[in-house]
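This is start24.tsv (TSV, C-alpha atoms and all ligand atoms).
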```
chain	number	residue	atom	x	y	z
A	220	MET	CA	6.66	-10.46	2.64
A	221	SER	CA	10.15	-9.86	4.02
A	222	ASP	CA	10.52	-9.99	7.79
A	223	TYR	CA	12.83	-10.54	10.76
A	224	PRO	CA	13.61	-13.92	12.39
A	225	ILE	CA	10.67	-14.92	14.62
A	226	SER	CA	11.10	-16.98	17.82
A	227	GLU	CA	7.89	-18.99	17.13
A	228	LEU	CA	9.52	-20.04	13.83
A	229	LYS	CA	12.74	-21.10	15.59
A	230	ASP	CA	14.35	-17.83	14.57
A	231	LYS	CA	13.47	-18.18	10.93
A	232	THR	CA	11.54	-15.68	8.81
A	233	PRO	CA	8.21	-16.46	7.07
A	234	LEU	CA	10.09	-16.46	3.74
A	235	GLU	CA	12.49	-19.10	5.10
A	236	VAL	CA	9.64	-21.31	6.29
A	237	ALA	CA	7.09	-20.91	3.46
A	238	ASN	CA	6.89	-23.49	0.68
A	239	LYS	CA	7.53	-21.41	-2.46
A	240	PRO	CA	8.97	-23.62	-5.22
A	241	ASN	CA	8.23	-21.18	-8.06
A	242	ILE	CA	9.84	-18.16	-6.43
A	243	ASP	CA	12.87	-20.30	-5.52
A	244	GLU	CA	13.14	-21.74	-9.04
A	245	LEU	CA	13.20	-18.29	-10.63
A	246	THR	CA	15.72	-17.13	-8.03
A	247	SER	CA	18.01	-20.08	-8.63
A	248	LYS	CA	17.89	-19.59	-12.42
A	249	GLY	CA	18.15	-15.82	-12.07
A	250	ARG	CA	20.07	-13.25	-10.09
A	251	ALA	CA	19.43	-11.94	-6.62
A	252	GLY	CA	20.30	-8.99	-4.44
A	253	GLN	CA	19.02	-6.45	-1.98
A	254	LEU	CA	17.19	-3.29	-2.94
A	255	ASN	CA	16.68	-0.10	-0.93
A	256	THR	CA	13.19	1.04	-1.85
A	257	VAL	CA	12.85	3.96	0.59
A	258	PRO	CA	15.27	6.92	0.41
A	259	LYS	CA	16.58	8.06	3.82
A	260	ASN	CA	14.59	11.30	3.98
A	261	PHE	CA	11.21	9.52	3.60
A	262	GLU	CA	9.16	7.50	6.06
A	263	PRO	CA	9.01	3.84	4.99
A	264	GLY	CA	5.66	3.39	3.25
A	265	SER	CA	4.03	1.69	0.30
A	266	ASP	CA	3.57	5.03	-1.46
A	267	VAL	CA	7.25	5.99	-1.71
A	268	ALA	CA	8.45	2.38	-2.09
A	269	ASN	CA	6.08	1.48	-4.92
A	270	MET	CA	6.58	4.76	-6.73
A	271	SER	CA	10.30	3.92	-6.80
A	272	ILE	CA	9.66	0.39	-8.04
A	273	PHE	CA	7.54	1.78	-10.89
A	274	GLY	CA	10.62	3.76	-11.96
A	275	TYR	CA	9.78	7.18	-10.48
A	276	ASN	CA	12.26	8.98	-8.24
A	277	PRO	CA	10.17	9.95	-5.18
A	278	GLN	CA	12.47	12.91	-4.51
A	279	LYS	CA	11.14	14.39	-7.74
A	280	TYR	CA	7.56	13.21	-7.93
A	281	TYR	CA	6.19	12.29	-4.49
A	282	THR	CA	3.69	14.73	-2.94
A	283	GLY	CA	1.83	12.40	-0.53
A	284	ARG	CA	-0.15	9.22	-0.32
A	285	GLY	CA	-3.61	10.80	-0.45
A	286	PRO	CA	-3.05	12.40	-3.87
A	287	LEU	CA	-2.00	9.06	-5.38
A	288	GLU	CA	-5.16	7.36	-4.10
A	289	ALA	CA	-7.24	10.26	-5.45
A	290	GLY	CA	-5.84	9.46	-8.91
A	291	SER	CA	-7.34	5.99	-8.67
A	292	MET	CA	-10.67	7.26	-7.38
A	293	GLY	CA	-10.97	9.77	-10.24
A	294	ILE	CA	-11.10	12.77	-7.88
A	295	GLU	CA	-10.16	15.95	-9.71
A	296	THR	CA	-8.53	18.63	-7.54
A	297	SER	CA	-7.28	22.15	-8.16
A	298	GLY	CA	-3.69	23.26	-7.51
A	299	GLU	CA	-4.72	24.60	-4.06
A	300	GLU	CA	-6.63	21.57	-2.81
A	301	VAL	CA	-4.86	19.25	-0.40
A	302	ILE	CA	-5.82	15.58	-0.42
A	303	PHE	CA	-5.61	13.71	2.89
A	304	ARG	CA	-5.82	9.96	3.27
A	305	CYS	CA	-8.69	9.39	5.71
A	306	ASN	CA	-8.78	6.18	7.76
A	307	LEU	CA	-11.88	5.02	9.56
A	308	ILE	CA	-10.34	4.01	12.90
A	309	THR	CA	-11.46	2.70	16.28
A	310	GLU	CA	-10.73	5.18	19.07
A	311	LYS	CA	-10.76	4.06	22.72
A	312	ASN	CA	-9.94	6.23	25.76
A	313	GLY	CA	-8.12	8.85	23.71
A	314	LYS	CA	-5.95	6.24	21.95
A	315	ILE	CA	-5.97	4.56	18.53
A	316	ASP	CA	-7.32	1.09	19.26
A	317	ASP	CA	-7.42	-0.11	15.65
A	318	PHE	CA	-6.13	1.70	12.54
A	319	ASN	CA	-8.63	-0.07	10.28
A	320	ALA	CA	-11.82	-0.25	12.40
A	321	GLY	CA	-11.86	-4.04	12.30
A	322	HIS	CA	-11.48	-4.00	8.50
A	323	ILE	CA	-14.92	-2.45	8.14
A	324	THR	CA	-16.74	-3.35	4.90
A	325	SER	CA	-16.84	-0.84	2.04
A	326	LYS	CA	-20.65	-0.87	2.19
A	327	GLU	CA	-20.79	0.15	5.86
A	328	ALA	CA	-17.98	2.64	5.35
A	329	ALA	CA	-19.76	4.35	2.43
A	330	ILE	CA	-22.76	5.09	4.67
A	331	LEU	CA	-20.55	6.53	7.41
A	332	ILE	CA	-18.60	8.70	4.98
A	333	ASP	CA	-21.82	9.93	3.40
A	334	ASP	CA	-23.21	10.89	6.81
A	335	LEU	CA	-19.99	12.66	7.72
A	336	ASN	CA	-20.40	14.85	4.63
A	337	LYS	CA	-24.04	15.57	5.51
A	338	GLU	CA	-23.14	16.54	9.08
A	339	PHE	CA	-20.32	18.77	7.93
A	340	LEU	CA	-22.57	20.57	5.49
A	341	LYS	CA	-25.11	21.06	8.28
A	342	ASN	CA	-22.42	22.34	10.68
A	343	PRO	CA	-19.91	24.45	8.76
A	344	VAL	CA	-18.60	25.80	12.06
A	345	ILE	CA	-16.92	22.44	12.60
A	346	ASP	CA	-14.78	22.95	9.56
A	347	LYS	CA	-13.87	26.55	10.32
A	348	PHE	CA	-12.93	27.21	6.73
A	349	GLY	CA	-16.09	25.44	5.51
A	350	ASP	CA	-14.82	23.65	2.43
A	351	GLY	CA	-13.72	20.10	3.33
A	352	LYS	CA	-15.24	17.04	1.69
A	353	PHE	CA	-14.92	13.28	2.35
A	354	TYR	CA	-14.76	10.69	-0.45
A	355	SER	CA	-15.44	7.04	0.24
A	356	GLY	CA	-13.01	4.36	-0.93
A	357	ILE	CA	-12.46	0.72	-0.02
A	358	SER	CA	-12.92	-0.70	3.51
A	359	TYR	CA	-11.18	1.68	5.94
A	360	ARG	CA	-9.30	3.64	3.26
A	361	HIS	CA	-10.95	6.95	2.28
A	362	LEU	CA	-10.00	10.52	1.38
A	363	PHE	CA	-10.65	14.05	2.60
A	364	VAL	CA	-10.04	17.06	0.35
A	365	LYS	CA	-9.66	20.62	1.55
A	366	ASN	CA	-8.45	23.97	0.23
A	367	GLY	CA	-5.23	25.48	1.58
A	368	SER	CA	-1.88	24.47	0.11
A	369	LYS	CA	-0.16	25.18	3.47
A	370	LEU	CA	-1.86	22.06	4.84
A	371	SER	CA	0.71	20.02	2.87
A	372	ASP	CA	3.28	21.04	5.51
A	373	LEU	CA	1.31	19.65	8.45
A	374	LYS	CA	3.17	16.81	10.19
A	375	THR	CA	0.67	13.95	10.21
A	376	THR	CA	1.28	10.34	11.28
A	377	PRO	CA	0.18	7.05	9.68
A	378	PRO	CA	-2.30	5.50	12.15
A	379	HIS	CA	-0.81	1.98	11.66
A	380	ASP	CA	2.41	3.35	13.23
A	381	ILE	CA	0.78	4.51	16.48
A	382	VAL	CA	-1.75	1.87	17.50
A	383	GLY	CA	-2.24	1.99	21.29
A	384	GLN	CA	-0.82	5.51	21.54
A	385	ASN	CA	-2.42	8.79	22.64
A	386	ILE	CA	-4.09	10.77	19.86
A	387	ASP	CA	-3.12	14.09	21.51
A	388	ASP	CA	0.58	13.27	21.21
A	389	PHE	CA	0.27	13.19	17.41
A	390	THR	CA	-2.06	16.14	16.87
A	391	ASN	CA	-0.13	18.70	18.85
A	392	TRP	CA	-0.44	21.39	16.17
A	393	ASN	CA	-0.18	25.14	16.55
A	394	SER	CA	-1.77	27.23	13.76
A	395	ASP	CA	-5.51	27.82	13.38
A	396	GLU	CA	-5.51	26.11	10.01
A	397	PHE	CA	-3.82	23.02	11.43
A	398	LEU	CA	-5.99	22.90	14.54
A	399	ASN	CA	-9.00	22.96	12.27
A	400	ILE	CA	-7.87	19.54	10.98
A	401	LYS	CA	-7.75	18.25	14.55
A	402	ASN	CA	-11.27	19.64	15.15
A	403	ILE	CA	-12.55	17.78	12.11
A	404	MET	CA	-11.03	14.54	13.40
A	405	LEU	CA	-12.47	15.03	16.88
A	406	TYR	CA	-15.88	16.10	15.61
A	407	SER	CA	-16.09	12.98	13.42
A	408	LYS	CA	-16.26	11.06	16.69
A	409	GLU	CA	-19.44	12.82	17.66
A	410	VAL	CA	-21.04	11.94	14.32
A	411	LEU	CA	-19.85	8.34	14.26
A	412	GLU	CA	-19.84	7.14	17.88
A	413	ASN	CA	-23.54	6.31	18.15
A	414	HIS	CA	-24.21	5.75	14.47
A	415	PRO	CA	-26.56	2.78	13.85
A	416	ILE	CA	-23.84	1.09	11.74
A	417	ASN	CA	-21.51	1.19	14.74
A	418	GLN	CA	-24.20	0.08	17.18
A	419	GLU	CA	-24.75	-2.95	14.97
A	420	ARG	CA	-21.01	-3.63	14.69
A	421	ILE	CA	-20.62	-3.51	18.48
A	422	ALA	CA	-23.64	-5.82	18.92
A	423	ASN	CA	-21.87	-8.27	16.56
A	424	ASN	CA	-18.59	-8.05	18.48
A	425	LYS	CA	-16.91	-6.01	15.77
A	426	LYS	CA	-14.83	-2.88	16.30
A	427	PRO	CA	-16.72	0.36	15.64
A	428	ALA	CA	-15.47	2.89	13.09
A	429	ASN	CA	-15.93	5.74	15.56
A	430	MET	CA	-13.45	8.33	14.29
A	431	VAL	CA	-11.55	9.46	11.20
A	432	TRP	CA	-7.78	9.89	11.11
A	433	LEU	CA	-6.33	12.28	8.52
A	434	TRP	CA	-2.77	11.75	7.24
A	435	GLY	CA	-0.56	11.30	4.13
A	436	GLN	CA	-1.74	14.61	2.63
A	437	GLY	CA	-0.42	16.54	-0.35
A	438	LEU	CA	-1.18	18.28	-3.62
A	439	LYS	CA	-1.85	16.47	-6.89
A	440	PRO	CA	1.47	15.21	-8.34
A	441	SER	CA	2.70	15.73	-11.86
A	442	MET	CA	4.43	12.66	-13.28
A	443	PRO	CA	5.65	11.86	-16.80
A	444	LYS	CA	3.99	8.87	-18.47
A	445	PHE	CA	5.66	5.47	-18.13
A	446	ARG	CA	5.60	5.10	-21.93
A	447	ASP	CA	7.47	8.38	-22.37
A	448	ILE	CA	10.21	7.33	-19.96
A	449	PHE	CA	10.62	3.66	-20.85
A	450	GLY	CA	8.96	3.34	-24.29
A	451	LEU	CA	6.69	0.51	-23.11
A	452	ASN	CA	2.96	0.12	-22.63
A	453	GLY	CA	1.83	-1.55	-19.46
A	454	SER	CA	-0.83	-2.48	-16.93
A	455	VAL	CA	-1.27	-2.79	-13.19
A	456	ILE	CA	-3.11	-5.48	-11.22
A	457	THR	CA	-3.80	-4.58	-7.59
A	458	GLY	CA	-6.59	-4.51	-5.02
A	459	VAL	CA	-5.68	-1.14	-3.51
A	460	ASP	CA	-6.25	2.45	-4.62
A	461	LEU	CA	-2.69	3.54	-3.84
A	462	LEU	CA	-1.19	1.29	-6.50
A	463	LYS	CA	-4.00	1.96	-8.95
A	464	GLY	CA	-3.38	5.68	-8.44
A	465	ILE	CA	0.34	5.37	-9.26
A	466	GLY	CA	-0.81	3.50	-12.38
A	467	VAL	CA	-3.17	6.33	-13.33
A	468	PHE	CA	-0.53	9.05	-12.96
A	469	ALA	CA	1.98	6.90	-14.86
A	470	GLY	CA	-0.54	6.50	-17.71
A	471	LEU	CA	-0.71	2.72	-17.22
A	472	ASN	CA	-3.87	0.68	-17.61
A	473	ASN	CA	-5.50	-0.62	-14.39
A	474	ILE	CA	-6.93	-4.11	-14.80
A	475	ASP	CA	-9.78	-4.73	-12.36
A	476	VAL	CA	-9.75	-8.31	-11.13
A	477	PRO	CA	-13.04	-9.53	-9.62
A	478	GLY	CA	-12.37	-10.74	-6.08
A	479	ALA	CA	-9.17	-8.69	-5.59
A	480	THR	CA	-9.75	-7.27	-2.10
A	481	GLY	CA	-6.36	-5.99	-0.90
A	482	TYR	CA	-6.71	-8.40	2.05
A	483	PHE	CA	-6.15	-12.04	3.10
A	484	ASP	CA	-9.31	-13.12	1.31
A	485	THR	CA	-8.18	-11.83	-2.09
A	486	ASP	CA	-8.75	-14.14	-5.06
A	487	TYR	CA	-5.17	-15.22	-5.82
A	488	LYS	CA	-6.23	-17.56	-8.61
A	489	ALA	CA	-8.12	-14.78	-10.39
A	490	LYS	CA	-5.10	-12.48	-10.05
A	491	GLY	CA	-2.83	-15.13	-11.59
A	492	ARG	CA	-5.31	-15.77	-14.41
A	493	TYR	CA	-5.79	-12.10	-15.26
A	494	ALA	CA	-2.03	-11.54	-15.07
A	495	SER	CA	-1.31	-14.40	-17.49
A	496	ASP	CA	-3.93	-13.09	-19.93
A	497	ALA	CA	-2.68	-9.51	-19.65
A	498	LEU	CA	0.80	-10.52	-20.81
A	499	GLU	CA	-0.61	-11.07	-24.29
A	500	ASN	CA	-0.98	-7.37	-24.98
A	501	ASN	CA	1.27	-5.62	-22.47
A	502	ASP	CA	5.01	-5.03	-22.58
A	503	PHE	CA	5.08	-4.46	-18.84
A	504	LEU	CA	2.88	-5.80	-16.08
A	505	PHE	CA	2.96	-4.89	-12.38
A	506	VAL	CA	1.15	-7.44	-10.16
A	507	HIS	CA	0.71	-6.39	-6.55
A	508	VAL	CA	-0.60	-8.44	-3.61
A	509	GLU	CA	-1.32	-6.58	-0.37
A	510	ALA	CA	-1.99	-9.59	1.90
A	511	PRO	CA	1.57	-10.19	3.27
A	512	ASP	CA	1.73	-6.54	4.39
A	513	GLU	CA	-1.68	-6.80	6.06
A	514	ALA	CA	-0.46	-9.97	7.82
A	515	GLY	CA	2.53	-7.98	9.10
A	516	HIS	CA	0.27	-5.20	10.43
A	517	ALA	CA	-1.99	-7.81	12.06
A	518	GLY	CA	1.03	-9.63	13.58
A	519	SER	CA	-0.14	-12.92	12.04
A	520	ILE	CA	2.66	-15.38	11.23
A	521	GLU	CA	0.17	-17.87	9.82
A	522	GLU	CA	-1.44	-15.39	7.40
A	523	LYS	CA	1.94	-14.16	6.20
A	524	ILE	CA	3.16	-17.66	5.39
A	525	LYS	CA	-0.17	-18.50	3.72
A	526	ALA	CA	-0.02	-15.32	1.62
A	527	ILE	CA	3.54	-16.11	0.41
A	528	GLU	CA	2.54	-19.67	-0.48
A	529	ARG	CA	-0.57	-18.52	-2.35
A	530	ILE	CA	1.35	-15.88	-4.30
A	531	ASP	CA	3.85	-18.58	-5.24
A	532	LYS	CA	1.29	-21.17	-6.27
A	533	HIS	CA	-1.59	-19.20	-7.74
A	534	VAL	CA	-0.08	-15.97	-9.00
A	535	LEU	CA	3.51	-16.76	-10.02
A	536	GLY	CA	2.68	-20.42	-10.73
A	537	GLN	CA	0.00	-19.53	-13.28
A	538	ILE	CA	2.18	-16.86	-14.88
A	539	MET	CA	5.09	-19.32	-15.22
A	540	ASN	CA	2.84	-21.95	-16.78
A	541	ASN	CA	1.55	-19.56	-19.40
A	542	ILE	CA	4.57	-17.45	-20.16
A	543	THR	CA	6.54	-20.12	-22.01
A	544	ASP	CA	4.87	-19.04	-25.29
A	545	TYR	CA	6.81	-15.81	-25.19
A	546	GLU	CA	10.30	-15.62	-26.53
A	547	ASN	CA	11.80	-13.02	-24.25
A	548	TYR	CA	10.72	-11.98	-20.84
A	549	LYS	CA	12.00	-10.94	-17.45
A	550	ILE	CA	10.35	-11.34	-14.07
A	551	ALA	CA	11.32	-9.42	-10.94
A	552	ILE	CA	10.09	-10.60	-7.54
A	553	LEU	CA	10.19	-8.28	-4.54
A	554	PRO	CA	8.19	-6.78	-1.67
A	555	ASP	CA	7.83	-2.99	-1.68
A	556	HIS	CA	9.02	-2.83	1.95
A	557	ALA	CA	9.18	-5.11	4.99
A	558	THR	CA	6.32	-5.15	7.53
A	559	PRO	CA	7.85	-7.41	10.21
A	560	ILE	CA	5.45	-9.42	12.37
A	561	ASP	CA	7.24	-8.42	15.59
A	562	ILE	CA	6.88	-4.67	15.10
A	563	ARG	CA	3.68	-4.70	13.00
A	564	THR	CA	4.69	-1.73	10.89
A	565	HIS	CA	6.94	-0.83	7.97
A	566	THR	CA	10.73	-0.70	8.07
A	567	ARG	CA	13.31	0.73	5.70
A	568	ASP	CA	15.40	-2.46	5.58
A	569	PRO	CA	16.54	-3.37	2.06
A	570	VAL	CA	14.14	-5.88	0.48
A	571	PRO	CA	15.14	-9.15	-1.21
A	572	LEU	CA	15.01	-8.95	-5.00
A	573	ALA	CA	15.27	-11.69	-7.64
A	574	ILE	CA	15.28	-11.16	-11.40
A	575	TYR	CA	14.84	-13.95	-13.91
A	576	SER	CA	15.66	-13.48	-17.59
A	577	SER	CA	14.50	-15.98	-20.22
A	578	PHE	CA	17.05	-14.92	-22.79
A	579	GLU	CA	20.32	-14.01	-21.16
A	580	GLU	CA	22.75	-16.90	-21.16
A	581	ASP	CA	24.70	-17.58	-17.98
A	582	PHE	CA	22.47	-15.16	-16.19
A	583	SER	CA	22.29	-16.96	-12.88
A	584	ASP	CA	24.43	-16.31	-9.80
A	585	ASN	CA	25.01	-18.50	-6.76
A	586	VAL	CA	21.77	-17.74	-4.90
A	587	LYS	CA	19.49	-20.77	-4.95
A	588	VAL	CA	16.59	-19.75	-2.69
A	589	TYR	CA	14.74	-16.51	-2.08
A	590	THR	CA	15.15	-15.32	1.51
A	591	GLU	CA	16.22	-12.12	3.25
A	592	LYS	CA	19.63	-13.63	4.05
A	593	SER	CA	20.41	-15.67	0.93
A	594	VAL	CA	20.09	-12.72	-1.47
A	595	ILE	CA	22.86	-10.82	0.31
A	596	ASP	CA	25.35	-13.01	-1.63
A	597	GLY	CA	23.64	-12.24	-4.96
A	598	SER	CA	25.10	-10.35	-7.89
A	599	LEU	CA	22.43	-7.70	-8.50
A	600	GLY	CA	23.73	-4.35	-7.45
A	601	ILE	CA	20.96	-1.90	-8.17
A	602	ASP	CA	21.72	1.29	-6.25
A	603	LYS	CA	18.36	3.05	-6.52
A	604	ALA	CA	14.99	1.31	-6.66
A	605	TYR	CA	13.79	3.68	-9.40
A	606	ASN	CA	16.50	2.17	-11.65
A	607	LEU	CA	14.96	-1.32	-11.41
A	608	VAL	CA	12.70	-0.92	-14.47
A	609	SER	CA	15.54	0.37	-16.67
A	610	ARG	CA	17.74	-2.46	-15.39
A	611	MET	CA	15.08	-4.91	-16.52
A	612	ILE	CA	14.68	-3.56	-20.01
A	613	ILE	CA	18.32	-3.37	-21.05
A	701	LIG	O1	-3.26	1.55	3.35
A	701	LIG	C1	-2.80	1.60	4.50
A	701	LIG	O2	-3.30	2.30	5.38
A	701	LIG	C2	-1.56	0.84	4.87
A	701	LIG	C3	-1.82	-0.11	6.01
A	701	LIG	O3	-2.64	-1.17	5.65
A	701	LIG	O4	-1.18	0.14	3.72
A	701	LIG	P1	0.35	-0.16	3.46
A	701	LIG	O5	0.81	-0.99	4.58
A	701	LIG	O6	0.35	-0.90	2.16
A	701	LIG	O7	1.06	1.14	3.38
```

Would you give me this structure, written as structure tokens?
Amino acid sequence: MSDYPISELKDKTPLEVANKPNIDELTSKGRAGQLNTVPKNFEPGSDVANMSIFGYNPQKYYTGRGPLEAGSMGIETSGEEVIFRCNLITEKNGKIDDFNAGHITSKEAAILIDDLNKEFLKNPVIDKFGDGKFYSGISYRHLFVKNGSKLSDLKTTPPHDIVGQNIDDFTNWNSDEFLNIKNIMLYSKEVLENHPINQERIANNKKPANMVWLWGQGLKPSMPKFRDIFGLNGSVITGVDLLKGIGVFAGLNNIDVPGATGYFDTDYKAKGRYASDALENNDFLFVHVEAPDEAGHAGSIEEKIKAIERIDKHVLGQIMNNITDYENYKIAILPDHATPIDIRTHTRDPVPLAIYSSFEEDFSDNVKVYTEKSVIDGSLGIDKAYNLVSRMII
């Protein structure tokens, strides 16, 4: 939800404009600061940033985004199999026109992914090494698994970073094994371009999912359990496989919330209700809402402000109403990374952080509202994001 000043908002950020009384109340009673969630040697992304926030040093445990999502989807892989994140994208004139194929539905996507597998089995020459397999996920987010640990070294690019740019510029690979990945991506276009699902989408003025884009690959990670590090049990509430996957590898429980979509239309009230209930039997709860990030990628000021206000009212508001029964608790509020409206992709800017503690006297500092600027004067000085959880449980 953090952003840069926007001219349409008279040089204010969405956080400065949104009505968010609950977030501001916790900030004013708590402490604030900035947090660097992405170490310098990593690209800014939700994978690395969230892993850090969960208390895991990405330098030690991060192997790629695909493997984390595979954890959520229950895909078992051997030590040699490389897991790619596979986007269904819209390709136009050799460029990425849309990184999410018009937010294609999971139902349509499942048919396309299934047909890709059938075509690949029929034509093993396409995958020169003959062992790749697609797995369908949610909306445009899917996976592709293939043997060959060297594939982890391939330099791939997140498609949301290169919308409008030439595909060839980002698939300029040299070895046979790497070029095979490019062939798979290009061949997917032949399978998908005239697919009935896409013909129907075009007829309904929707973007076709006419190609796959492979990125974020790596081998299955090995992570210690959250309970073994912090001595707490816990759960995760999220609409996206990436966060569920981190939960799986951390040995946390994933709570499925009906209506949680990972998009603007997510059921905020249901998330708030399930979160409040979950506090009864969890020491630790991680509640994630994807919508402000999606608003950033879509360049929508209105959706970002709406998402912040809905998180405040329906998620945090419900939690705050129901949490008063507990004697001791702490709440941290933060985005995993910024996705500024102007640039429509992630940045490595430090994110605003507020922590409220119900039981520490004189806990508050001088920060009264939660914005990118105001927290700079706060007293929290957490040097590494993976120390946030330990900071909260002391
Ligand atoms: O899943 C993804 O492809 C990206 C873009 O939507 O998600 P995030 O911005 O959370 O990294």

Pick from A:Glu227, A:Asp372, A:Asp544, A:Asp555: nearest to Pro571 (chain A), with all atoms listed in the file counted?
A:Asp555

With all atoms listed in the file as the basis for distance, which of A:Gly313, A:Gly290, A:Pro569, A:Gly298 is at the shortest distance from Leu471 (chain A)?
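Under the stated criterion, the closest residue is A:Gly290.
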
Point-to-point distance from CA of Val344 (chain A) to CA of Tyr406 (chain A), Å rounded to tenths
10.7 Å

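Rounded to one decimal, CA of Asp475 (chain A) and CA of Tyr280 (chain A) lie 25.3 Å from each other.
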
Check the smallest atom-to-atom distance from each of A:Ser371, A:Asn255, A:Ser358, A:Ser577 to ligand LIG 701 (chain A) using all atoms listed in the file, then report the winner.
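Among the listed residues, the smallest separation from ligand LIG 701 (chain A) belongs to A:Ser358.
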
With distances taken over only C-alpha atoms and all ligand atoms, which residue among A:Lys488, A:His565, A:His533, A:Lys549 lies nearest ligand LIG 701 (chain A)?
A:His565

Determine the nearest neighbour of ligand LIG 701 (chain A) from the options A:Gly600, A:Pro554, A:Gly349, A:Pro477, counting all atoms listed in the file.
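Smallest separation from ligand LIG 701 (chain A) among the options: A:Pro554.
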
Fewer than 5 positions away in the same chain doesn't count, so skip those; otherwise give me all residues within 8 Å of Val459 (chain A), counting only C-alpha atoms, as a PyMOL selection string.
chain A and resi 357+480-481+509

Can you tell me which residues sit at most 6 Å away from ligand LIG 701 (chain A), counting all atoms listed in the file, written as a VMD selection string?
chain A and resid 264 to 265 512 to 513

Because some atoms of region 400-412 of chain A are absent here, can you restore N, CA, C and O atoms and send them as a PDB file, keeping the file's coordinate frame?
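What landed in result_13.pdb:
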```
ATOM      1  N   ILE A 400      -7.933  20.955  11.390  1.00  0.00           N
ATOM      2  CA  ILE A 400      -7.870  19.540  10.980  1.00  0.00           C
ATOM      3  C   ILE A 400      -8.123  18.639  12.199  1.00  0.00           C
ATOM      4  O   ILE A 400      -8.869  17.659  12.141  1.00  0.00           O
ATOM      5  N   LYS A 401      -7.532  19.033  13.322  1.00  0.00           N
ATOM      6  CA  LYS A 401      -7.750  18.250  14.550  1.00  0.00           C
ATOM      7  C   LYS A 401      -9.239  18.300  14.948  1.00  0.00           C
ATOM      8  O   LYS A 401      -9.832  17.286  15.321  1.00  0.00           O
ATOM      9  N   ASN A 402      -9.841  19.499  14.829  1.00  0.00           N
ATOM     10  CA  ASN A 402     -11.270  19.640  15.150  1.00  0.00           C
ATOM     11  C   ASN A 402     -12.124  18.713  14.307  1.00  0.00           C
ATOM     12  O   ASN A 402     -13.074  18.111  14.791  1.00  0.00           O
ATOM     13  N   ILE A 403     -11.772  18.634  13.023  1.00  0.00           N
ATOM     14  CA  ILE A 403     -12.550  17.780  12.110  1.00  0.00           C
ATOM     15  C   ILE A 403     -12.437  16.329  12.570  1.00  0.00           C
ATOM     16  O   ILE A 403     -13.421  15.594  12.639  1.00  0.00           O
ATOM     17  N   MET A 404     -11.222  15.922  12.939  1.00  0.00           N
ATOM     18  CA  MET A 404     -11.030  14.540  13.400  1.00  0.00           C
ATOM     19  C   MET A 404     -11.831  14.285  14.680  1.00  0.00           C
ATOM     20  O   MET A 404     -12.510  13.271  14.809  1.00  0.00           O
ATOM     21  N   LEU A 405     -11.764  15.233  15.607  1.00  0.00           N
ATOM     22  CA  LEU A 405     -12.470  15.030  16.880  1.00  0.00           C
ATOM     23  C   LEU A 405     -13.989  15.080  16.685  1.00  0.00           C
ATOM     24  O   LEU A 405     -14.735  14.290  17.274  1.00  0.00           O
ATOM     25  N   TYR A 406     -14.436  15.990  15.810  1.00  0.00           N
ATOM     26  CA  TYR A 406     -15.880  16.100  15.610  1.00  0.00           C
ATOM     27  C   TYR A 406     -16.429  14.830  14.930  1.00  0.00           C
ATOM     28  O   TYR A 406     -17.563  14.414  15.190  1.00  0.00           O
ATOM     29  N   SER A 407     -15.613  14.210  14.089  1.00  0.00           N
ATOM     30  CA  SER A 407     -16.090  12.980  13.420  1.00  0.00           C
ATOM     31  C   SER A 407     -16.533  11.963  14.462  1.00  0.00           C
ATOM     32  O   SER A 407     -17.455  11.176  14.239  1.00  0.00           O
ATOM     33  N   LYS A 408     -15.898  12.014  15.635  1.00  0.00           N
ATOM     34  CA  LYS A 408     -16.260  11.060  16.690  1.00  0.00           C
ATOM     35  C   LYS A 408     -17.694  11.271  17.150  1.00  0.00           C
ATOM     36  O   LYS A 408     -18.431  10.314  17.400  1.00  0.00           O
ATOM     37  N   GLU A 409     -18.056  12.536  17.234  1.00  0.00           N
ATOM     38  CA  GLU A 409     -19.440  12.820  17.660  1.00  0.00           C
ATOM     39  C   GLU A 409     -20.444  12.289  16.651  1.00  0.00           C
ATOM     40  O   GLU A 409     -21.512  11.821  17.005  1.00  0.00           O
ATOM     41  N   VAL A 410     -20.113  12.407  15.365  1.00  0.00           N
ATOM     42  CA  VAL A 410     -21.040  11.940  14.320  1.00  0.00           C
ATOM     43  C   VAL A 410     -21.090  10.405  14.310  1.00  0.00           C
ATOM     44  O   VAL A 410     -22.153   9.805  14.130  1.00  0.00           O
ATOM     45  N   LEU A 411     -19.939   9.787  14.506  1.00  0.00           N
ATOM     46  CA  LEU A 411     -19.850   8.340  14.260  1.00  0.00           C
ATOM     47  C   LEU A 411     -20.131   7.467  15.484  1.00  0.00           C
ATOM     48  O   LEU A 411     -20.616   6.334  15.351  1.00  0.00           O
ATOM     49  N   GLU A 412     -19.800   7.980  16.670  1.00  0.00           N
ATOM     50  CA  GLU A 412     -19.840   7.140  17.880  1.00  0.00           C
ATOM     51  C   GLU A 412     -21.140   6.334  18.033  1.00  0.00           C
ATOM     52  O   GLU A 412     -21.109   5.126  18.218  1.00  0.00           O
TER      53      GLU A 412
END
```
